[in-house]
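Asks: My structure is below; once you've seen it, I'll send some questions.
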Amino acid sequence: MDPKARCESRGEKAACPLKCKSRKCQAYKAPIDTSKKPIVWILGGPGSGKGTQCEKIIAKYGFTHLSTGDLLRAEVKSGSDRAKTLTAIMERGELVPNEIVLELLKEAMLAKADEAKGFLVDGYPREKSQGIAFESAIAPVTVIIYFEASSETLTKRLLGRAASSGRADDNEDTIKLRLKTFLDNNDQVLAQYPDKLKRINAEDSVDNIFSQVVAVLDPIVAAN
Ligand code: AP5
């Protein structure tokens with residue numbers, strides 16, 4: 001019998017000597033206990049206000065914030081071997097391969113697994129397969145907040161931000177491509193989670209939008 005299969009068949013819940021992390025293993029312990037630490041996915045088109053609302057959520061609930069865009073920009077700045085490839089993909093407004101995104105995300109989440117009160121995962125998943133991979137590699141999502149706004153609003157906000165953001169992807173051509181990538185994938189992502197999805201109108205003021213966010217998160221925090 002190969003060691004992993006032997007491990008999976010162990011009857012008692014002792015520490016796994018092979019550290020196989022197989023979900024079939026009797027000793028398997030999920031790295032994040034979502035009954036105590038909710039996982040919230042924050043979704044929405046480019047410029048929908050994900051980052052703006054995350055700041056307010058962190059201030060109120062003390063959740064740990066993980067933005068896949070920020071993680072990727074940090075990786076680009078680090079000058080790692082893959083930095084050049086990442087820069088090119090992001091400047092084309094396309095999605096970075098999920099192996100890279102998920103690896104960065106998982107590493108960052110596990111590093112905070114003990115101290116986090118909950119996780120805000122901002123900008124992930126952006127395609128159907130990303131959601132499936134996350135739940136299988138990390139933990140099931142608790143709730144999904146989706147900020148809904150028209151393409152016109154999104155474009156206007158990003159062009160407004162472009163003068164000061166210093167982001168290589170905040171220019172008219174890349175904004176069009178980012179929107180296209182978003183629109184090509186978004187419906188499929190949302191359709192996967194009808195019971196966990198909370199749609200919020202993101203065309204309102206920042207504070208009114210946040211009131212709707214609070215109405216979603218308060219009961220979750222109270223139940224944990
Ligand atoms: P990412 O950095 O996540 O960019 P994005 O999704 O395009 O979103 P933004 O950060 O630009 O906007 P936001 O929704 O946070 O809005 P914000 O609050 O800043 O991703 C960048 C790239 O990385 C992707 O294109 C892709 O290449 C790659 N990537 C990231 N995640 C990936 C993944 N999972 N898989 C593969 N690749 C991935 O607000 C925008 C502006 O609007 C601000 O000026 C703000 O002040 C203003 N504003 C906000 N709310 C309001 C409001 N209610 N009213 C008026 N103005 C408002």
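FYI, nothing fancy with the structure tokens labels: chains A, B, ... in order, residues from 1 per chain, ligands from 1 as they appear.
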Which residues in range 116-203 of chain A does DSSP call helix (DSSP H, G or I)? List them as JSON, numbers by chain.
Replies: {"A": [128, 129, 130, 131, 132, 133, 134, 135, 136, 137, 151, 152, 153, 154, 155, 156, 157, 158, 159, 160, 161, 162, 163, 164, 165, 172, 173, 174, 175, 176, 177, 178, 179, 180, 181, 182, 183, 184, 185, 186, 187, 188, 189, 190, 191]}
Asks: Go ahead and dump the residues you just picked, N, CA and C atoms, as a short mmCIF file (atom, residue, chain, number, x, y, z; two decimals), in the first residue's frame.
Replies:
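Written out: part04.cif:
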```cif
data_model
loop_
_atom_site.label_atom_id
_atom_site.label_comp_id
_atom_site.auth_asym_id
_atom_site.auth_seq_id
_atom_site.Cartn_x
_atom_site.Cartn_y
_atom_site.Cartn_z
N LYS A 128 -14.75 30.86 -12.87
CA LYS A 128 -15.41 29.76 -12.17
C LYS A 128 -14.39 28.79 -11.53
N SER A 129 -13.36 28.45 -12.29
CA SER A 129 -12.40 27.45 -11.80
C SER A 129 -11.63 27.97 -10.58
N GLN A 130 -11.48 29.29 -10.45
CA GLN A 130 -10.76 29.82 -9.28
C GLN A 130 -11.54 29.54 -8.00
N GLY A 131 -12.87 29.68 -8.08
CA GLY A 131 -13.69 29.43 -6.89
C GLY A 131 -13.59 27.96 -6.47
N ILE A 132 -13.65 27.09 -7.44
CA ILE A 132 -13.57 25.66 -7.14
C ILE A 132 -12.21 25.33 -6.51
N ALA A 133 -11.15 25.88 -7.09
CA ALA A 133 -9.80 25.59 -6.59
C ALA A 133 -9.62 26.12 -5.17
N PHE A 134 -10.15 27.31 -4.90
CA PHE A 134 -10.01 27.90 -3.56
C PHE A 134 -10.66 27.00 -2.51
N GLU A 135 -11.92 26.61 -2.78
CA GLU A 135 -12.64 25.85 -1.77
C GLU A 135 -12.03 24.48 -1.55
N SER A 136 -11.39 23.96 -2.59
CA SER A 136 -10.77 22.66 -2.39
C SER A 136 -9.40 22.79 -1.71
N ALA A 137 -8.67 23.87 -1.97
CA ALA A 137 -7.33 24.00 -1.40
C ALA A 137 -7.32 24.68 -0.04
N SER A 151 -20.88 49.53 -16.52
CA SER A 151 -19.56 49.71 -17.12
C SER A 151 -19.21 51.20 -17.20
N GLU A 152 -20.23 52.04 -17.43
CA GLU A 152 -19.98 53.48 -17.53
C GLU A 152 -19.45 54.02 -16.19
N THR A 153 -20.11 53.61 -15.11
CA THR A 153 -19.67 54.07 -13.78
C THR A 153 -18.25 53.58 -13.50
N LEU A 154 -17.99 52.31 -13.80
CA LEU A 154 -16.67 51.74 -13.51
C LEU A 154 -15.59 52.49 -14.27
N THR A 155 -15.85 52.73 -15.56
CA THR A 155 -14.87 53.43 -16.40
C THR A 155 -14.61 54.83 -15.86
N LYS A 156 -15.69 55.53 -15.52
CA LYS A 156 -15.56 56.91 -15.04
C LYS A 156 -14.71 56.95 -13.75
N ARG A 157 -14.97 56.01 -12.85
CA ARG A 157 -14.22 56.00 -11.59
C ARG A 157 -12.74 55.72 -11.82
N LEU A 158 -12.48 54.75 -12.69
CA LEU A 158 -11.07 54.37 -12.90
C LEU A 158 -10.31 55.49 -13.61
N LEU A 159 -10.98 56.14 -14.56
CA LEU A 159 -10.31 57.26 -15.25
C LEU A 159 -10.08 58.40 -14.26
N GLY A 160 -11.01 58.57 -13.33
CA GLY A 160 -10.85 59.60 -12.30
C GLY A 160 -9.66 59.28 -11.40
N ARG A 161 -9.46 58.00 -11.13
CA ARG A 161 -8.37 57.59 -10.24
C ARG A 161 -7.01 57.59 -10.94
N ALA A 162 -7.06 57.47 -12.28
CA ALA A 162 -5.82 57.25 -13.05
C ALA A 162 -4.74 58.29 -12.79
N ALA A 163 -5.17 59.56 -12.61
CA ALA A 163 -4.19 60.64 -12.45
C ALA A 163 -3.32 60.44 -11.21
N SER A 164 -3.89 59.78 -10.18
CA SER A 164 -3.14 59.70 -8.92
C SER A 164 -2.74 58.29 -8.51
N SER A 165 -3.26 57.24 -9.17
CA SER A 165 -3.03 55.88 -8.64
C SER A 165 -1.63 55.36 -8.91
N GLU A 172 -6.92 54.25 -20.40
CA GLU A 172 -8.15 53.98 -21.12
C GLU A 172 -8.16 52.61 -21.80
N ASP A 173 -7.06 52.26 -22.49
CA ASP A 173 -7.04 50.99 -23.23
C ASP A 173 -7.11 49.80 -22.29
N THR A 174 -6.29 49.83 -21.22
CA THR A 174 -6.28 48.68 -20.30
C THR A 174 -7.60 48.59 -19.53
N ILE A 175 -8.20 49.73 -19.22
CA ILE A 175 -9.48 49.69 -18.50
C ILE A 175 -10.52 48.95 -19.35
N LYS A 176 -10.52 49.22 -20.67
CA LYS A 176 -11.47 48.52 -21.57
C LYS A 176 -11.23 47.01 -21.50
N LEU A 177 -9.95 46.61 -21.52
CA LEU A 177 -9.64 45.18 -21.49
C LEU A 177 -9.99 44.55 -20.14
N ARG A 178 -9.75 45.29 -19.06
CA ARG A 178 -10.10 44.78 -17.72
C ARG A 178 -11.61 44.56 -17.63
N LEU A 179 -12.36 45.51 -18.19
CA LEU A 179 -13.82 45.36 -18.17
C LEU A 179 -14.26 44.16 -18.98
N LYS A 180 -13.64 43.97 -20.13
CA LYS A 180 -14.01 42.83 -20.98
C LYS A 180 -13.74 41.51 -20.25
N THR A 181 -12.56 41.42 -19.64
CA THR A 181 -12.20 40.20 -18.89
C THR A 181 -13.25 39.95 -17.79
N PHE A 182 -13.61 41.02 -17.10
CA PHE A 182 -14.60 40.90 -16.03
C PHE A 182 -15.95 40.41 -16.58
N LEU A 183 -16.42 41.07 -17.65
CA LEU A 183 -17.75 40.74 -18.19
C LEU A 183 -17.77 39.33 -18.78
N ASP A 184 -16.65 38.89 -19.33
CA ASP A 184 -16.59 37.53 -19.91
C ASP A 184 -16.78 36.44 -18.85
N ASN A 185 -16.38 36.73 -17.61
CA ASN A 185 -16.34 35.68 -16.58
C ASN A 185 -17.37 35.82 -15.47
N ASN A 186 -17.82 37.05 -15.25
CA ASN A 186 -18.54 37.33 -14.01
C ASN A 186 -19.81 36.51 -13.81
N ASP A 187 -20.65 36.41 -14.85
CA ASP A 187 -21.93 35.71 -14.66
C ASP A 187 -21.71 34.27 -14.22
N GLN A 188 -20.71 33.65 -14.83
CA GLN A 188 -20.43 32.25 -14.48
C GLN A 188 -19.97 32.11 -13.03
N VAL A 189 -19.17 33.05 -12.59
CA VAL A 189 -18.69 32.99 -11.20
C VAL A 189 -19.88 33.12 -10.25
N LEU A 190 -20.73 34.12 -10.49
CA LEU A 190 -21.84 34.38 -9.57
C LEU A 190 -22.86 33.23 -9.57
N ALA A 191 -23.07 32.65 -10.75
CA ALA A 191 -24.10 31.61 -10.86
C ALA A 191 -23.76 30.37 -10.03
#
```
Asks: Using only C-alpha atoms and all ligand atoms, which residues have at least one atom no more than 7 Å from ligand 1? Output them as number ranges by chain.
Replies: A: 44-53, 67-70, 72, 89-90, 93-98, 101, 122-126, 157-158, 160-161, 178, 202-206, 209
Asks: Any chance you could export the current selection's N, CA, C and O atoms as a compact mmCIF listing (two decimals), in the first residue's frame?
Replies:
```txt
# COMPACT_ATOMS: atom_id res chain seq x y z
N GLY A 44 -16.60 42.22 -7.71
CA GLY A 44 -17.15 43.37 -8.43
C GLY A 44 -16.19 43.75 -9.54
O GLY A 44 -15.01 43.38 -9.51
N GLY A 45 -16.69 44.50 -10.48
CA GLY A 45 -15.86 44.88 -11.62
C GLY A 45 -14.72 45.80 -11.20
O GLY A 45 -14.68 46.26 -10.05
N PRO A 46 -13.81 46.08 -12.13
CA PRO A 46 -12.72 47.00 -11.83
C PRO A 46 -13.28 48.39 -11.51
O PRO A 46 -14.07 48.93 -12.28
N GLY A 47 -12.93 48.91 -10.33
CA GLY A 47 -13.42 50.24 -9.94
C GLY A 47 -14.77 50.20 -9.24
O GLY A 47 -15.36 51.24 -8.96
N SER A 48 -15.27 49.01 -8.90
CA SER A 48 -16.60 48.93 -8.27
C SER A 48 -16.57 49.35 -6.80
O SER A 48 -17.61 49.47 -6.17
N GLY A 49 -15.36 49.51 -6.26
CA GLY A 49 -15.25 49.95 -4.86
C GLY A 49 -14.87 48.84 -3.90
O GLY A 49 -15.05 48.97 -2.69
N LYS A 50 -14.30 47.76 -4.43
CA LYS A 50 -13.91 46.64 -3.56
C LYS A 50 -12.92 47.12 -2.49
O LYS A 50 -13.11 46.88 -1.29
N GLY A 51 -11.86 47.78 -2.94
CA GLY A 51 -10.82 48.24 -2.02
C GLY A 51 -11.36 49.27 -1.02
O GLY A 51 -11.06 49.21 0.17
N THR A 52 -12.19 50.18 -1.52
CA THR A 52 -12.75 51.24 -0.66
C THR A 52 -13.60 50.61 0.45
O THR A 52 -13.48 50.98 1.62
N GLN A 53 -14.45 49.66 0.10
CA GLN A 53 -15.31 49.04 1.11
C GLN A 53 -14.50 48.13 2.03
O GLN A 53 -14.81 48.03 3.22
N SER A 67 -5.98 41.18 -0.84
CA SER A 67 -6.40 41.57 -2.19
C SER A 67 -5.47 40.87 -3.18
O SER A 67 -4.24 41.02 -3.09
N THR A 68 -6.06 40.12 -4.10
CA THR A 68 -5.18 39.41 -5.04
C THR A 68 -4.44 40.40 -5.94
O THR A 68 -3.29 40.17 -6.30
N GLY A 69 -5.09 41.53 -6.25
CA GLY A 69 -4.40 42.56 -7.04
C GLY A 69 -3.17 43.08 -6.28
O GLY A 69 -2.07 43.19 -6.84
N ASP A 70 -3.34 43.36 -4.98
CA ASP A 70 -2.21 43.86 -4.17
C ASP A 70 -1.12 42.79 -4.05
O ASP A 70 0.08 43.10 -4.11
N LEU A 72 -0.42 40.50 -6.13
CA LEU A 72 0.29 40.39 -7.43
C LEU A 72 1.20 41.59 -7.65
O LEU A 72 2.33 41.45 -8.12
N ILE A 89 0.97 40.50 -18.24
CA ILE A 89 -0.43 40.02 -18.19
C ILE A 89 -1.34 41.11 -17.62
O ILE A 89 -2.40 41.41 -18.15
N MET A 90 -0.89 41.74 -16.54
CA MET A 90 -1.73 42.73 -15.87
C MET A 90 -1.90 43.98 -16.75
O MET A 90 -2.96 44.59 -16.77
N GLY A 93 -4.63 43.59 -19.04
CA GLY A 93 -5.95 43.49 -18.40
C GLY A 93 -6.47 42.06 -18.34
O GLY A 93 -7.66 41.83 -18.16
N GLU A 94 -5.57 41.10 -18.49
CA GLU A 94 -5.98 39.69 -18.47
C GLU A 94 -5.80 39.09 -17.08
O GLU A 94 -5.23 39.73 -16.20
N LEU A 95 -6.24 37.85 -16.93
CA LEU A 95 -6.10 37.19 -15.64
C LEU A 95 -4.77 36.46 -15.56
O LEU A 95 -4.36 35.77 -16.51
N VAL A 96 -4.12 36.59 -14.43
CA VAL A 96 -2.88 35.88 -14.16
C VAL A 96 -3.24 34.39 -13.94
O VAL A 96 -4.31 34.11 -13.39
N PRO A 97 -2.38 33.44 -14.35
CA PRO A 97 -2.73 32.02 -14.16
C PRO A 97 -3.03 31.71 -12.68
O PRO A 97 -2.35 32.19 -11.79
N ASN A 98 -4.06 30.91 -12.50
CA ASN A 98 -4.53 30.70 -11.14
C ASN A 98 -3.52 30.01 -10.22
O ASN A 98 -3.54 30.24 -9.02
N VAL A 101 -1.84 32.87 -8.53
CA VAL A 101 -2.71 33.65 -7.63
C VAL A 101 -3.05 32.83 -6.38
O VAL A 101 -2.94 33.31 -5.25
N ASP A 122 -10.35 39.82 -1.50
CA ASP A 122 -10.78 40.90 -2.38
C ASP A 122 -10.28 40.65 -3.81
O ASP A 122 -9.09 40.58 -4.06
N GLY A 123 -11.24 40.44 -4.72
CA GLY A 123 -10.87 40.26 -6.14
C GLY A 123 -10.61 38.82 -6.52
O GLY A 123 -9.90 38.55 -7.49
N TYR A 124 -11.17 37.90 -5.79
CA TYR A 124 -11.00 36.48 -6.07
C TYR A 124 -12.26 35.77 -5.61
O TYR A 124 -12.71 36.06 -4.49
N PRO A 125 -12.83 34.84 -6.39
CA PRO A 125 -12.41 34.34 -7.68
C PRO A 125 -12.88 35.22 -8.84
O PRO A 125 -13.92 35.87 -8.75
N ARG A 126 -12.11 35.20 -9.92
CA ARG A 126 -12.48 35.97 -11.13
C ARG A 126 -12.90 35.06 -12.26
O ARG A 126 -13.28 35.52 -13.32
N ARG A 157 -14.97 56.01 -12.85
CA ARG A 157 -14.22 56.00 -11.59
C ARG A 157 -12.74 55.72 -11.82
O ARG A 157 -11.87 56.34 -11.22
N LEU A 158 -12.48 54.75 -12.69
CA LEU A 158 -11.07 54.37 -12.90
C LEU A 158 -10.31 55.49 -13.61
O LEU A 158 -9.16 55.77 -13.28
N GLY A 160 -11.01 58.57 -13.33
CA GLY A 160 -10.85 59.60 -12.30
C GLY A 160 -9.66 59.28 -11.40
O GLY A 160 -8.94 60.17 -10.97
N ARG A 161 -9.46 58.00 -11.13
CA ARG A 161 -8.37 57.59 -10.24
C ARG A 161 -7.01 57.59 -10.94
O ARG A 161 -5.97 57.68 -10.30
N ARG A 178 -9.75 45.29 -19.06
CA ARG A 178 -10.10 44.78 -17.72
C ARG A 178 -11.61 44.56 -17.63
O ARG A 178 -12.07 43.56 -17.08
N ALA A 202 -23.69 49.20 -6.11
CA ALA A 202 -22.47 49.97 -5.84
C ALA A 202 -22.48 51.34 -6.52
O ALA A 202 -21.44 51.98 -6.65
N GLU A 203 -23.67 51.78 -6.95
CA GLU A 203 -23.76 53.09 -7.61
C GLU A 203 -24.08 54.18 -6.59
O GLU A 203 -24.25 55.33 -6.95
N ASP A 204 -24.21 53.79 -5.34
CA ASP A 204 -24.61 54.72 -4.28
C ASP A 204 -23.37 55.39 -3.64
O ASP A 204 -22.24 55.15 -4.10
N SER A 205 -23.60 56.15 -2.57
CA SER A 205 -22.45 56.77 -1.90
C SER A 205 -21.69 55.69 -1.12
O SER A 205 -22.25 54.64 -0.78
N VAL A 206 -20.43 55.97 -0.81
CA VAL A 206 -19.59 54.99 -0.08
C VAL A 206 -20.28 54.59 1.23
O VAL A 206 -20.34 53.40 1.57
N ILE A 209 -23.43 52.40 0.70
CA ILE A 209 -23.03 51.04 0.30
C ILE A 209 -22.56 50.27 1.53
O ILE A 209 -22.92 49.11 1.74
```
Asks: Please identify every residue of range 115-169 of chain A that has at least one atom no farther than 10 Å from an atom of range 210-221 of chain A, counting only C-alpha atoms, and for each give the shortest atom pair and the distance in Å to one decimal, arranged by chain then increasing number, as CSV.
Replies:
```
residue,atom,partner,partner_atom,distance
A:Lys117,CA,A:Val221,CA,9.4
A:Gly118,CA,A:Val221,CA,8.9
A:Thr142,CA,A:Ile220,CA,8.5
A:Val143,CA,A:Val216,CA,8.6
A:Ile144,CA,A:Val216,CA,9.5
A:Ile145,CA,A:Val213,CA,7.7
A:Tyr146,CA,A:Val213,CA,9.8
A:Phe147,CA,A:Val213,CA,9.7
```
Asks: Find the residues of range 30-110 of chain A that sit at most 10 Å from range 197-200 of chain A; for each, write down the nearest two atoms and how far apart they are in Å, to one decimal. Count only C-alpha atoms. Sort by chain, then by number going up, and give it as a tab-separated table.
Replies:
```
residue	atom	partner	partner_atom	distance
A:Trp41	CA	A:Leu197	CA	9.4
A:Ile42	CA	A:Lys198	CA	10.0
A:Leu43	CA	A:Arg199	CA	9.5
A:Gly44	CA	A:Arg199	CA	9.6
```
Asks: Just to be explicit: take each residue in the selection above, keep N, CA and C atoms, and write the result as an mmCIF file, in the first residue's frame.
Replies:
```cif
data_model
loop_
_atom_site.group_PDB
_atom_site.id
_atom_site.type_symbol
_atom_site.label_atom_id
_atom_site.label_comp_id
_atom_site.auth_asym_id
_atom_site.auth_seq_id
_atom_site.Cartn_x
_atom_site.Cartn_y
_atom_site.Cartn_z
ATOM 1 N N TRP A 41 -15.728 36.624 0.344
ATOM 2 C CA TRP A 41 -15.185 37.018 -0.963
ATOM 3 C C TRP A 41 -15.817 38.349 -1.340
ATOM 4 N N ILE A 42 -14.966 39.280 -1.768
ATOM 5 C CA ILE A 42 -15.446 40.591 -2.204
ATOM 6 C C ILE A 42 -15.269 40.670 -3.713
ATOM 7 N N LEU A 43 -16.388 40.709 -4.415
ATOM 8 C CA LEU A 43 -16.330 40.683 -5.879
ATOM 9 C C LEU A 43 -16.963 41.948 -6.469
ATOM 10 N N GLY A 44 -16.603 42.216 -7.712
ATOM 11 C CA GLY A 44 -17.146 43.371 -8.431
ATOM 12 C C GLY A 44 -16.189 43.747 -9.539
#
```
Asks: Can you work out the spacing between CA of Glu103 in chain A and CA of Glu75 in chain A in Å, to one decimal?
Replies: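 So the answer is 11.7 Å.
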Asks: What residues in range 37-122 of chain A get the DSSP label strand (DSSP E or B)? Please answer as a PyMOL selection string.
Replies: chain A and resi 39-44+64-67+119-122
Asks: What's the separation between CA of Pro38 in chain A and CA of Ala74 in chain A, in Å to one decimal place?
Replies: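 Computed distance, CA of Pro38 in chain A to CA of Ala74 in chain A, equals 25.1 Å.
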Asks: For Phe119 in chain A, please output as a PyMOL selection string all residues within 12 Å (counting only C-alpha atoms; exclusion window: fewer than 3 positions along the same chain).
Replies: chain A and resi 32-34+36-42+54+57-58+61-67+105-106+108-116+122+138-144+217+221
Asks: So what do you get for CA of Pro194 in chain A versus CA of Glu107 in chain A, distance-wise?
Replies: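 Taking CA of Pro194 in chain A and CA of Glu107 in chain A, their separation equals 28.1 Å.
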Asks: Which is closer to Asn208 in chain A than all the others in A:Lys56, A:Lys84, A:Arg73, A:Lys4, using only C-alpha atoms?
Replies: A:Lys56
